[in-house]
Amino acid sequence: MRKFLSICVITLCSVYAMYAQNSVQKIDSVSCGTNVSVQATSKDGFYHFVVWKIENGSDTLETLAKDGTTSSTYGATVSTSLDTTGVETSTLTFNSLSSALIDATTSGTVTFEAVFDIDSYTINGIVNDSTMGSVSGSGTTTGSTSVTLTATVKQDATCARFDHWEDESGQTIPGDAANPNQLTVTPEATWAHGSTHTYKAVFVTKTININVKSSDTNMATVTIIAPSSTSTGN
């Protein structure tokens with residue numbers, strides 16, 4: 001598990017806050033009944049906040065969920081938000097620092113730890129016609145790690161060929177330059193943790209253009225009669 005730490009060290013006279021960017025903030029004269037807030041922000045959109053831990057040395061006094069559903073013994077609240085770039089921010093707040101929290105520490109110091117983890121996603125490859133071909137390479141990935149899907153015509157589908165890829169909205173998208181039947185999918189920072197993203201390989205029946213003609217139109221005409229009389233040559 002990868003963590004970005006936001007640590008707040010509280011004594012009866014001061015607060016130290018160390019954030020993911022490794023900066024330290026000191027807030028003087030923090031005492032019982034004072035409002036205290038600590039905020040943690042992911043460095044980019046490929047990480048998500050998990051929990052806040054309230055710690056006394058190596059002991060965890062309390063763990064608080066990101067959605068605020070966990071009841072806090074010490075009166076803490078948690079609010080978590082996601083911006084349009086996928087960056088997640090969580091704030092741990094004590095509207096009134098409780099004497100219970102101060103009394104629970106043996107050293108006079110409490111640590112607030114923000115736990116983050118890397119995002120994971122599922123990449124699926126599907127086909128428009130399973131009698132013509134298949135897609136391999138579907139699976140789970142994390143962070144910005146790419147997944148490559150490969151479209152393959154079935155051996156017994158002699159009249160089938162791979163045509164193109166489609167994204168989740170049904171729009172045609174290019175495959176890899178050297179191998180168009182392969183599609184390399186790179187996660188985007190705005191994707192939600194645990195989300196599934198599906199791409200379709202489209203197979204079609206092979207076709208050929210047939211042109212017919214007569215060597216001398218004064219002598220004969222030539223007509224296509226199979227599979228349908230849709231074209232006539234000279």
# chains A, B, ... in the order shown; residues from 1 in each chain; ligands from 1
>>> residues_around(residues="Thr60 of chain A", least_positions_apart="6", cutoff="12 Å", atoms="only C-alpha atoms", output="mmCIF file with N, CA and C atoms, in the first residue's frame")
data_model
loop_
_atom_site.group_PDB
_atom_site.id
_atom_site.type_symbol
_atom_site.label_atom_id
_atom_site.label_comp_id
_atom_site.auth_asym_id
_atom_site.auth_seq_id
_atom_site.Cartn_x
_atom_site.Cartn_y
_atom_site.Cartn_z
ATOM 1 N N TRP A 52 -8.435 7.950 7.894
ATOM 2 C CA TRP A 52 -7.606 8.677 8.850
ATOM 3 C C TRP A 52 -7.358 7.765 10.042
ATOM 4 N N LYS A 53 -6.129 7.782 10.555
ATOM 5 C CA LYS A 53 -5.803 7.069 11.789
ATOM 6 C C LYS A 53 -5.380 8.078 12.851
ATOM 7 N N ILE A 54 -5.973 7.943 14.040
ATOM 8 C CA ILE A 54 -5.572 8.744 15.189
ATOM 9 C C ILE A 54 -4.691 7.848 16.040
ATOM 10 N N ALA A 104 -6.146 10.423 26.379
ATOM 11 C CA ALA A 104 -5.894 9.087 25.839
ATOM 12 C C ALA A 104 -4.439 8.871 25.462
ATOM 13 N N THR A 105 -3.694 9.957 25.359
ATOM 14 C CA THR A 105 -2.280 9.835 24.975
ATOM 15 C C THR A 105 -1.410 9.711 26.210
ATOM 16 N N VAL A 110 -0.339 13.266 19.950
ATOM 17 C CA VAL A 110 -1.195 12.431 19.120
ATOM 18 C C VAL A 110 -0.851 12.673 17.660
ATOM 19 N N THR A 111 -0.939 11.618 16.864
ATOM 20 C CA THR A 111 -0.598 11.709 15.441
ATOM 21 C C THR A 111 -1.821 11.406 14.601
ATOM 22 N N PHE A 112 -2.063 12.239 13.601
ATOM 23 C CA PHE A 112 -3.123 12.004 12.625
ATOM 24 C C PHE A 112 -2.454 11.522 11.336
ATOM 25 N N GLU A 113 -2.772 10.333 10.919
ATOM 26 C CA GLU A 113 -2.162 9.765 9.715
ATOM 27 C C GLU A 113 -3.219 9.576 8.636
#
>>> atom_distance(atom1="atom CA of Asp117 of chain A", atom2="atom CA of Thr141 of chain A")
13.5 Å
>>> select_by_dssp(residues="segment 41-111 of chain A", states="strand (DSSP E or B)", output="ChimeraX atom specification")
/A:41,47-56,59-65,76-82,88-94,110-111
>>> write_last_selection(atoms="N, CA, C and O atoms", output="compact mmCIF listing (two decimals), in the first residue's frame")
# COMPACT_ATOMS: atom_id res chain seq x y z
N THR A 41 -4.03 15.73 0.68
CA THR A 41 -4.39 15.78 -0.74
C THR A 41 -3.51 14.83 -1.53
O THR A 41 -2.28 14.84 -1.38
N TYR A 47 -4.40 8.19 -7.10
CA TYR A 47 -4.42 7.71 -5.72
C TYR A 47 -5.73 8.13 -5.06
O TYR A 47 -6.30 9.17 -5.39
N HIS A 48 -6.20 7.34 -4.11
CA HIS A 48 -7.44 7.66 -3.42
C HIS A 48 -7.25 7.56 -1.92
O HIS A 48 -6.46 6.75 -1.43
N PHE A 49 -7.97 8.41 -1.20
CA PHE A 49 -7.90 8.42 0.26
C PHE A 49 -8.64 7.21 0.80
O PHE A 49 -9.70 6.82 0.30
N VAL A 50 -8.09 6.59 1.86
CA VAL A 50 -8.69 5.40 2.46
C VAL A 50 -9.26 5.70 3.84
O VAL A 50 -10.47 5.63 4.04
N VAL A 51 -8.40 6.04 4.80
CA VAL A 51 -8.85 6.32 6.17
C VAL A 51 -7.92 7.32 6.84
O VAL A 51 -6.77 7.51 6.43
N TRP A 52 -8.44 7.95 7.89
CA TRP A 52 -7.61 8.68 8.85
C TRP A 52 -7.36 7.76 10.04
O TRP A 52 -8.27 7.08 10.51
N LYS A 53 -6.13 7.78 10.56
CA LYS A 53 -5.80 7.07 11.79
C LYS A 53 -5.38 8.08 12.85
O LYS A 53 -4.56 8.96 12.59
N ILE A 54 -5.97 7.94 14.04
CA ILE A 54 -5.57 8.74 15.19
C ILE A 54 -4.69 7.85 16.04
O ILE A 54 -5.14 6.82 16.54
N GLU A 55 -3.42 8.25 16.20
CA GLU A 55 -2.44 7.35 16.79
C GLU A 55 -1.76 7.95 18.01
O GLU A 55 -1.50 9.16 18.08
N ASN A 56 -1.47 7.10 18.97
CA ASN A 56 -0.67 7.43 20.14
C ASN A 56 0.56 6.55 20.10
O ASN A 56 0.51 5.37 20.45
N ASP A 59 0.33 2.84 18.80
CA ASP A 59 -1.05 2.37 19.00
C ASP A 59 -2.03 3.24 18.23
O ASP A 59 -1.91 4.47 18.21
N THR A 60 -3.00 2.59 17.58
CA THR A 60 -4.06 3.32 16.88
C THR A 60 -5.24 3.49 17.82
O THR A 60 -5.87 2.51 18.25
N LEU A 61 -5.56 4.73 18.14
CA LEU A 61 -6.68 5.01 19.03
C LEU A 61 -8.01 4.91 18.29
O LEU A 61 -9.01 4.45 18.86
N GLU A 62 -8.01 5.31 17.00
CA GLU A 62 -9.26 5.35 16.24
C GLU A 62 -8.96 5.40 14.76
O GLU A 62 -7.96 5.98 14.34
N THR A 63 -9.83 4.77 13.96
CA THR A 63 -9.74 4.82 12.51
C THR A 63 -11.04 5.36 11.96
O THR A 63 -12.12 4.87 12.31
N LEU A 64 -10.96 6.37 11.11
CA LEU A 64 -12.16 7.05 10.59
C LEU A 64 -12.24 6.91 9.08
O LEU A 64 -11.30 7.22 8.36
N ALA A 65 -13.40 6.45 8.60
CA ALA A 65 -13.62 6.24 7.18
C ALA A 65 -13.75 7.56 6.43
O ALA A 65 -14.06 8.60 7.01
N ALA A 76 -14.31 13.72 16.20
CA ALA A 76 -13.73 14.09 14.90
C ALA A 76 -14.73 13.84 13.77
O ALA A 76 -15.56 12.94 13.85
N THR A 77 -14.64 14.65 12.73
CA THR A 77 -15.43 14.44 11.51
C THR A 77 -14.50 14.40 10.32
O THR A 77 -13.41 14.98 10.33
N VAL A 78 -14.94 13.71 9.25
CA VAL A 78 -14.14 13.58 8.04
C VAL A 78 -14.97 14.02 6.84
O VAL A 78 -16.13 13.62 6.69
N SER A 79 -14.38 14.84 5.99
CA SER A 79 -15.02 15.20 4.72
C SER A 79 -14.00 14.99 3.61
O SER A 79 -12.84 15.38 3.75
N THR A 80 -14.46 14.36 2.52
CA THR A 80 -13.57 14.02 1.41
C THR A 80 -14.19 14.49 0.10
O THR A 80 -15.39 14.31 -0.12
N SER A 81 -13.39 15.09 -0.76
CA SER A 81 -13.89 15.60 -2.03
C SER A 81 -12.95 15.23 -3.16
O SER A 81 -11.75 15.02 -2.95
N LEU A 82 -13.50 15.17 -4.37
CA LEU A 82 -12.75 14.82 -5.57
C LEU A 82 -12.92 15.95 -6.58
O LEU A 82 -14.05 16.35 -6.89
N GLU A 88 -7.91 13.90 -4.99
CA GLU A 88 -8.81 13.72 -3.85
C GLU A 88 -8.23 14.40 -2.61
O GLU A 88 -7.04 14.27 -2.32
N THR A 89 -9.09 15.10 -1.88
CA THR A 89 -8.69 15.80 -0.67
C THR A 89 -9.58 15.37 0.48
O THR A 89 -10.81 15.28 0.33
N SER A 90 -8.97 15.08 1.63
CA SER A 90 -9.73 14.70 2.81
C SER A 90 -9.33 15.59 3.98
O SER A 90 -8.14 15.88 4.17
N THR A 91 -10.32 16.02 4.76
CA THR A 91 -10.09 16.89 5.90
C THR A 91 -10.60 16.24 7.18
O THR A 91 -11.75 15.79 7.24
N LEU A 92 -9.73 16.17 8.17
CA LEU A 92 -10.08 15.67 9.50
C LEU A 92 -10.25 16.89 10.41
O LEU A 92 -9.35 17.72 10.50
N THR A 93 -11.42 16.99 11.05
CA THR A 93 -11.73 18.19 11.82
C THR A 93 -12.20 17.84 13.23
O THR A 93 -13.02 16.93 13.41
N PHE A 94 -11.69 18.59 14.19
CA PHE A 94 -12.20 18.57 15.56
C PHE A 94 -12.77 19.97 15.82
O PHE A 94 -12.02 20.93 15.93
N VAL A 110 -0.34 13.27 19.95
CA VAL A 110 -1.19 12.43 19.12
C VAL A 110 -0.85 12.67 17.66
O VAL A 110 -0.49 13.79 17.28
N THR A 111 -0.94 11.62 16.86
CA THR A 111 -0.60 11.71 15.44
C THR A 111 -1.82 11.41 14.60
O THR A 111 -2.52 10.43 14.84
>>> atom_distance(atom1="atom CA of Ser99 of chain A", atom2="atom CA of Thr70 of chain A")
20.0 Å
>>> closest_residue(among="A:Thr158, A:Thr106, A:Ser96, A:Ser31", to="Thr131 of chain A", atoms="only C-alpha atoms")
A:Thr158
